[in-house]
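Read the structure below first, then the notes.
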Amino acid sequence: QVQLVESGGGLVQAGGSLRLSCAASGGTFSRYVMGWFRQAPGKEREFVAAIGWTGSSTNYADSVKGRFTVTRDNAKNTVYLQMNSLKPEDTAVYYCAGDLTRYFILPTTPGEYDYWGQGTQVAVSS
């Protein structure tokens with residue numbers, strides 16, 4: 001059973017930075033495509049970023065491109081989301097997710113991921 005645990009959320013002023021972490025246990029982390037999603041109140045869960053097995057391939061939502069960076073450390077079974085130049089519209093619960101079935105494709109829809117963390121709240125004040 002794969003378990004994902006996010007951490008690093010909090011309250012930050014606009015223009016600030018946060019780094020989210022997602023620690024995985026169970027299974028073979030180095031063979032998971034990992035994704036980050038977010039969900040604001042009253043909105044659907046939306047794709048933020050994804051990273052391939054080795055970390056050499058990444059994909060970002062247009063809304064975060066150039067501000068957010070996804071990385072992974074397979075030795076630590078952890079994926080990170082560095083968020084810079086935060087905006088109030090980035091306020092949401094952020095979730096990490098693992099996809100065990102793909103390699104070349106980095107999925108962008110929630111239904112393509114197999115495992116989810118519990119989420120961590122990010123709030124950006126103006």
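Ordering of the structure tokens sets the chain letters (A, B, ...), residue numbers begin anew at 1 in every chain, and ligands are numbered from 1 in the order given.
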request  = Excluding A:Ala24 and residues on its chain fewer than 2 positions from it, collect all residues at most 7 Å away from it, counting only C-alpha atoms, and give them as a PyMOL selection string.
outcome  = chain A and resi 2-5+22+26+29+77-78
query = Which polymer residues have any atom within 10 Å of an atom of A:Phe104, counting only C-alpha atoms, with same-chain residues fewer than 5 positions away left out, as a list of chain:residue names?
reply =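 Here the answer would be A:Val33, A:Gly52, A:Trp53, A:Ser57.
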key: Counting only C-alpha atoms, the option among A:Val93, A:Leu20, A:Val122, A:Leu100 closest to A:Val79   = A:Leu20
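Residues of stretch 9-66 of chain A assigned to strand (DSSP E or B) by DSSP on this structure's backbone: Gly10, Leu11, Val12, Gln13, Leu18, Arg19, Leu20, Ser21, Cys22, Ala23, Ala24, Ser25, Val33, Met34, Gly35, Trp36, Phe37, Arg38, Gln39, Glu46, Phe47, Val48, Ala49, Ala50, Ile51, Thr58, Asn59 and Tyr60 of chain A.
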Using 10 Å as the limit and counting only C-alpha atoms, can you tabulate each residue of stretch 7-59 of chain A that touches stretch 70-75 of chain A, with its shortest atom-to-atom distance in Å and the two atoms involved, as a Markdown table?
| residue | atom | partner | partner_atom | distance |
| --- | --- | --- | --- | --- |
| A:Arg19 | CA | A:Val70 | CA | 9.7 |
| A:Leu20 | CA | A:Val70 | CA | 9.4 |
| A:Ser21 | CA | A:Arg72 | CA | 9.3 |
| A:Cys22 | CA | A:Arg72 | CA | 9.3 |
| A:Ala23 | CA | A:Asp73 | CA | 9.8 |
| A:Ala24 | CA | A:Asn74 | CA | 9.7 |
| A:Thr28 | CA | A:Asn74 | CA | 9.3 |
| A:Phe29 | CA | A:Asn74 | CA | 6.6 |
| A:Ser30 | CA | A:Asn74 | CA | 5.5 |
| A:Arg31 | CA | A:Asn74 | CA | 9.2 |
| A:Tyr32 | CA | A:Asn74 | CA | 9.9 |
| A:Met34 | CA | A:Arg72 | CA | 8.7 |
| A:Gly35 | CA | A:Val70 | CA | 8.7 |
| A:Trp36 | CA | A:Val70 | CA | 8.4 |
| A:Val48 | CA | A:Val70 | CA | 9.4 |
| A:Ala49 | CA | A:Val70 | CA | 6.6 |
| A:Ala50 | CA | A:Val70 | CA | 7.0 |
| A:Ile51 | CA | A:Val70 | CA | 6.7 |
| A:Gly52 | CA | A:Arg72 | CA | 9.0 |
| A:Trp53 | CA | A:Asn74 | CA | 8.5 |
| A:Thr54 | CA | A:Asn74 | CA | 7.9 |
| A:Gly55 | CA | A:Arg72 | CA | 6.1 |
| A:Ser56 | CA | A:Thr71 | CA | 9.0 |
| A:Ser57 | CA | A:Thr71 | CA | 9.7 |
| A:Thr58 | CA | A:Val70 | CA | 7.3 |
| A:Asn59 | CA | A:Val70 | CA | 8.6 |
ask   = Looking at only C-alpha atoms, which of A:Tyr94, A:Pro88, A:Glu112, A:Gly119 is the one that sits closest to A:Gly16?
value = A:Pro88
Nearest to A:Ala61, chosen from A:Ser126, A:Tyr115, A:Glu44, A:Thr109, with only C-alpha atoms counted in the distances =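 Comparing A:Ser126, A:Tyr115, A:Glu44, A:Thr109 against A:Ala61, the winner is A:Thr109.
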